[in-house]
Amino acid sequence: MTPEYRHIPVMLNEVLASYAFTDGSIVCDCTLGGAGHSLKIAQLIEPHGILFGIDQDDLALEVASQRIHEAYPNLLSFQMKGNFNDLESLLMQKDVAGVDFFLFDIGVSSPQFDIPERGFSYRENAPLDMRMNPGKQTLTAQEILNTYNAADLTRVIRTYGEDKFAAKIASLVVKQREIEPIKTTFELVDIIKAAIPARARRSGGHPAKKTFQALRIEVNQELSALEEGLRQAIRWLNPGGRVCVISYHSLEDRIVKRIFQEYADRNQIPANMPLPNDLKPPIVKVITKKPLVPRNEELEENPRAKSAKLRVAEKLPLK
């Protein structure tokens with residue numbers, strides 16, 4: 001039990017209400033973290049349920065495993081190291097036929113922000129790392145900043161950070177690294193502040209937030225992993241099972257919305273067109289027509305939940 005993983009689960013009540021958990025349910029928490037969500041779910045599915053927990057972070061797996069086994073020693077639970085891309089292969093290793101509920105709580109966990117040496121935070125000076133799984137990944141934020149050309153840096157910051165000053169930031173990064181390599185978070189923060197006009201810096205939160213987000217996504221290939229993980233989860237869902245996704249920025253939420261809609265309407269037939277004989281039946285039903293957002297009471301307790309959006313889809317019976 002380490003203090004670094006005192007994690008407040010986001011939208012916990014909404015997650016618990018998104019599926020009718022019962023003793024015997026098979027659940028996979030694809031972003032285990034400190035087991036904030038999983039501990040509450042375990043209470044609903046024990047003693048005959050099965051709980052799978054996946055995370056890239058060794059500390060998260062260690063802490064979560066200890067918490068779950070101490071609280072529910074009779075529950076069959078497995079903590080597995082991997083990314084969303086690994087979901088299918090990890091489940092195959094455990095010889096499970098299907099899953100009733102998948103949870104994706106996307107983004108960087110609070111402890112990863114709070115441990116300075118991980119390099120995720122623009123508020124702490126540390127090496128520019130940002131790898132979620134350092135033992136498996138080689139690309140770091142420092143390497144991106146010191147090797148990508150100006151055009152690629154602009155693309156990353158504009159696409160993943162949605163920052164209108166992306167080109168200016170990239171230009172200053174290239175100029176600075178010609179003098180000496182950019183190695184720390186505070187060095188990058190200074191460059192970003194110099195690139196953004198003073199008036200723009202006075203509103204919209206910390207000026208480095210968007211660039212740090214963009215670098216983190218590029219380092220960890222988060223969006224492509226999310227898309228593949230969602231597709232794998234839908235394949236593994238039992239009929240009547242549900243997948244619940246909590247996202248924290250518009251790029252993630254758009255992917256979740258698009259994937260759910262793709263599986264809910266696989267034909268996209270225009271109005272007034274005859275239906276073909278080989279019409280493909282929908283695979284899921286979208287439960288949340290609009291994403292759920294945190295209640296005001298939760299935001300007062302946990303400001304980090306501010307940008308959260310929750311979407312749910314249900315696997316339909318085979319026809």
# chains A, B, ... in the order shown; residues from 1 in each chain; ligands from 1
$ residues_around --residues "Leu61 in chain A" --least-positions-apart "4" --cutoff "8 Å" --atoms "only C-alpha atoms" --output "list in words"
Leu32, Gly33, Gly34, Ile54, Asp55, Asp57, Ser65, Gln79, Met80 and Lys81 of chain A
$ residues_around --residues "Lys183 in chain A" --least-positions-apart "6" --cutoff "7 Å" --atoms "only C-alpha atoms" --output "ChimeraX atom specification"
/A:127-128,142
$ residues_around --residues "Arg201 in chain A" --least-positions-apart "6" --cutoff "12 Å" --atoms "only C-alpha atoms" --output "number ranges by chain"
A: 165, 189, 192-195, 207-209
$ closest_atom_pairs --of "range 222-251 of chain A" --to "range 7-27 of chain A" --cutoff "9 Å" --atoms "only C-alpha atoms" --output "Markdown table"
| residue | atom | partner | partner_atom | distance |
| --- | --- | --- | --- | --- |
| A:Gly241 | CA | A:Tyr19 | CA | 7.9 |
| A:Arg242 | CA | A:Tyr19 | CA | 6.8 |
| A:Val243 | CA | A:Ser18 | CA | 8.9 |
| A:Cys244 | CA | A:Val15 | CA | 7.2 |
| A:Val245 | CA | A:Val15 | CA | 8.9 |
| A:Ile246 | CA | A:Val10 | CA | 8.2 |
$ write_last_selection --atoms "N, CA, C and O atoms" --output "tab-separated table (two decimals), in the first residue's frame"
chain	number	residue	atom	x	y	z
A	241	GLY	N	-23.42	-7.87	-22.50
A	241	GLY	CA	-22.32	-7.23	-21.78
A	241	GLY	C	-22.14	-5.80	-22.24
A	241	GLY	O	-22.63	-5.40	-23.30
A	242	ARG	N	-21.41	-5.03	-21.45
A	242	ARG	CA	-21.26	-3.62	-21.77
A	242	ARG	C	-19.79	-3.18	-21.67
A	242	ARG	O	-19.01	-3.74	-20.90
A	243	VAL	N	-19.47	-2.16	-22.47
A	243	VAL	CA	-18.17	-1.51	-22.39
A	243	VAL	C	-18.41	-0.07	-22.00
A	243	VAL	O	-19.26	0.62	-22.57
A	244	CYS	N	-17.67	0.37	-20.98
A	244	CYS	CA	-17.83	1.71	-20.42
A	244	CYS	C	-16.50	2.44	-20.56
A	244	CYS	O	-15.46	1.91	-20.16
A	245	VAL	N	-16.53	3.63	-21.13
A	245	VAL	CA	-15.30	4.38	-21.40
A	245	VAL	C	-15.40	5.78	-20.80
A	245	VAL	O	-16.36	6.51	-21.05
A	246	ILE	N	-14.39	6.13	-20.00
A	246	ILE	CA	-14.27	7.50	-19.48
A	246	ILE	C	-13.10	8.15	-20.20
A	246	ILE	O	-11.96	7.68	-20.13
$ closest_residue --among "A:Leu318, A:Val99, A:Met92, A:Ala166" --to "Asn238 in chain A" --atoms "only C-alpha atoms"
A:Val99
$ closest_residue --among "A:Arg158, A:Asn83, A:Leu145, A:Val173" --to "Ile106 in chain A" --atoms "only C-alpha atoms"
A:Asn83
$ residues_around --residues "range 119-121 of chain A" --least-positions-apart "6" --cutoff "10 Å" --atoms "only C-alpha atoms" --output "list in words"
Val108, Gln112, Phe113, Pro127, Leu128, Asp129, Met130, Arg131, Met132, Thr140, Ala141, Gln142, Thr184, Thr185, Phe186, Ala208, Lys209, Phe212, Gln213, Leu215 and Arg216 of chain A
$ write_last_selection --atoms "N, CA and C atoms" --output "PDB file, in the first residue's frame"
ATOM      1  N   VAL A 108      -3.671   9.581 -18.183  1.00  0.00           N
ATOM      2  CA  VAL A 108      -2.614   9.332 -17.209  1.00  0.00           C
ATOM      3  C   VAL A 108      -3.214   9.362 -15.814  1.00  0.00           C
ATOM      4  N   GLN A 112       0.922   9.093 -11.756  1.00  0.00           N
ATOM      5  CA  GLN A 112       1.917   9.338 -12.796  1.00  0.00           C
ATOM      6  C   GLN A 112       2.190  10.825 -12.947  1.00  0.00           C
ATOM      7  N   PHE A 113       1.171  11.649 -12.729  1.00  0.00           N
ATOM      8  CA  PHE A 113       1.389  13.097 -12.708  1.00  0.00           C
ATOM      9  C   PHE A 113       2.162  13.509 -11.463  1.00  0.00           C
ATOM     10  N   PRO A 127      13.304  15.012 -15.908  1.00  0.00           N
ATOM     11  CA  PRO A 127      13.655  14.623 -17.282  1.00  0.00           C
ATOM     12  C   PRO A 127      12.399  14.426 -18.125  1.00  0.00           C
ATOM     13  N   LEU A 128      12.486  14.784 -19.399  1.00  0.00           N
ATOM     14  CA  LEU A 128      11.344  14.660 -20.308  1.00  0.00           C
ATOM     15  C   LEU A 128      11.203  13.216 -20.776  1.00  0.00           C
ATOM     16  N   ASP A 129      10.455  12.425 -19.985  1.00  0.00           N
ATOM     17  CA  ASP A 129      10.292  11.011 -20.277  1.00  0.00           C
ATOM     18  C   ASP A 129       8.904  10.741 -20.859  1.00  0.00           C
ATOM     19  N   MET A 130       7.893  10.663 -20.003  1.00  0.00           N
ATOM     20  CA  MET A 130       6.484  10.488 -20.366  1.00  0.00           C
ATOM     21  C   MET A 130       6.124   9.089 -20.854  1.00  0.00           C
ATOM     22  N   ARG A 131       6.996   8.109 -20.661  1.00  0.00           N
ATOM     23  CA  ARG A 131       6.650   6.739 -21.044  1.00  0.00           C
ATOM     24  C   ARG A 131       5.776   6.109 -19.965  1.00  0.00           C
ATOM     25  N   MET A 132       4.681   5.512 -20.379  1.00  0.00           N
ATOM     26  CA  MET A 132       3.832   4.811 -19.421  1.00  0.00           C
ATOM     27  C   MET A 132       4.402   3.437 -19.072  1.00  0.00           C
ATOM     28  N   THR A 140      11.032   8.541 -26.004  1.00  0.00           N
ATOM     29  CA  THR A 140      10.686   9.461 -24.920  1.00  0.00           C
ATOM     30  C   THR A 140      10.319  10.825 -25.488  1.00  0.00           C
ATOM     31  N   ALA A 141       9.746  11.660 -24.640  1.00  0.00           N
ATOM     32  CA  ALA A 141       9.431  13.027 -25.057  1.00  0.00           C
ATOM     33  C   ALA A 141      10.699  13.791 -25.404  1.00  0.00           C
ATOM     34  N   GLN A 142      11.772  13.529 -24.686  1.00  0.00           N
ATOM     35  CA  GLN A 142      13.044  14.195 -24.963  1.00  0.00           C
ATOM     36  C   GLN A 142      13.544  13.866 -26.369  1.00  0.00           C
ATOM     37  N   THR A 184      14.760  18.822 -19.899  1.00  0.00           N
ATOM     38  CA  THR A 184      13.869  18.813 -18.732  1.00  0.00           C
ATOM     39  C   THR A 184      12.524  19.466 -19.021  1.00  0.00           C
ATOM     40  N   THR A 185      11.584  19.171 -18.148  1.00  0.00           N
ATOM     41  CA  THR A 185      10.238  19.712 -18.304  1.00  0.00           C
ATOM     42  C   THR A 185      10.227  21.244 -18.198  1.00  0.00           C
ATOM     43  N   PHE A 186      11.006  21.784 -17.272  1.00  0.00           N
ATOM     44  CA  PHE A 186      11.013  23.242 -17.119  1.00  0.00           C
ATOM     45  C   PHE A 186      11.675  23.946 -18.300  1.00  0.00           C
ATOM     46  N   ALA A 208       1.530  25.368 -20.979  1.00  0.00           N
ATOM     47  CA  ALA A 208       2.222  24.151 -21.427  1.00  0.00           C
ATOM     48  C   ALA A 208       1.315  22.929 -21.472  1.00  0.00           C
ATOM     49  N   LYS A 209       0.100  23.054 -20.987  1.00  0.00           N
ATOM     50  CA  LYS A 209      -0.782  21.889 -20.852  1.00  0.00           C
ATOM     51  C   LYS A 209      -0.990  21.154 -22.170  1.00  0.00           C
ATOM     52  N   PHE A 212       2.269  19.364 -23.534  1.00  0.00           N
ATOM     53  CA  PHE A 212       2.592  18.181 -22.739  1.00  0.00           C
ATOM     54  C   PHE A 212       1.623  17.049 -23.046  1.00  0.00           C
ATOM     55  N   GLN A 213       0.355  17.370 -23.206  1.00  0.00           N
ATOM     56  CA  GLN A 213      -0.621  16.356 -23.600  1.00  0.00           C
ATOM     57  C   GLN A 213      -0.258  15.743 -24.941  1.00  0.00           C
ATOM     58  N   LEU A 215       2.662  15.540 -26.462  1.00  0.00           N
ATOM     59  CA  LEU A 215       3.869  14.715 -26.374  1.00  0.00           C
ATOM     60  C   LEU A 215       3.557  13.376 -25.719  1.00  0.00           C
ATOM     61  N   ARG A 216       2.762  13.409 -24.661  1.00  0.00           N
ATOM     62  CA  ARG A 216       2.396  12.168 -23.976  1.00  0.00           C
ATOM     63  C   ARG A 216       1.662  11.215 -24.916  1.00  0.00           C
TER      64      ARG A 216
END
$ decode --residues "range 285-297 of chain A" --atoms "N, CA and C atoms" --output "tab-separated table (two decimals), in the first residue's frame"
chain	number	residue	atom	x	y	z
A	285	LYS	N	-25.48	-1.71	-29.10
A	285	LYS	CA	-26.45	-0.64	-28.93
A	285	LYS	C	-25.79	0.43	-28.07
A	286	VAL	N	-25.83	1.67	-28.53
A	286	VAL	CA	-25.24	2.76	-27.75
A	286	VAL	C	-26.21	3.13	-26.64
A	287	ILE	N	-25.77	3.02	-25.40
A	287	ILE	CA	-26.61	3.30	-24.25
A	287	ILE	C	-26.66	4.79	-23.94
A	288	THR	N	-25.54	5.46	-24.10
A	288	THR	CA	-25.44	6.89	-23.79
A	288	THR	C	-25.48	7.69	-25.09
A	289	LYS	N	-26.64	8.21	-25.43
A	289	LYS	CA	-26.75	9.00	-26.66
A	289	LYS	C	-25.87	10.24	-26.57
A	290	LYS	N	-25.79	10.81	-25.38
A	290	LYS	CA	-24.85	11.89	-25.09
A	290	LYS	C	-23.99	11.44	-23.92
A	291	PRO	N	-22.72	11.84	-23.89
A	291	PRO	CA	-21.87	11.37	-22.80
A	291	PRO	C	-22.31	11.92	-21.45
A	292	LEU	N	-22.15	11.10	-20.41
A	292	LEU	CA	-22.40	11.56	-19.06
A	292	LEU	C	-21.19	12.36	-18.58
A	293	VAL	N	-21.43	13.33	-17.72
A	293	VAL	CA	-20.35	14.15	-17.17
A	293	VAL	C	-20.45	14.12	-15.65
A	294	PRO	N	-19.37	14.47	-14.94
A	294	PRO	CA	-19.38	14.41	-13.48
A	294	PRO	C	-20.38	15.38	-12.87
A	295	ARG	N	-20.93	14.98	-11.74
A	295	ARG	CA	-21.82	15.84	-10.99
A	295	ARG	C	-21.01	16.93	-10.27
A	296	ASN	N	-21.66	18.01	-9.92
A	296	ASN	CA	-20.98	19.12	-9.25
A	296	ASN	C	-20.36	18.68	-7.93
A	297	GLU	N	-21.04	17.77	-7.22
A	297	GLU	CA	-20.51	17.29	-5.94
A	297	GLU	C	-19.18	16.58	-6.14
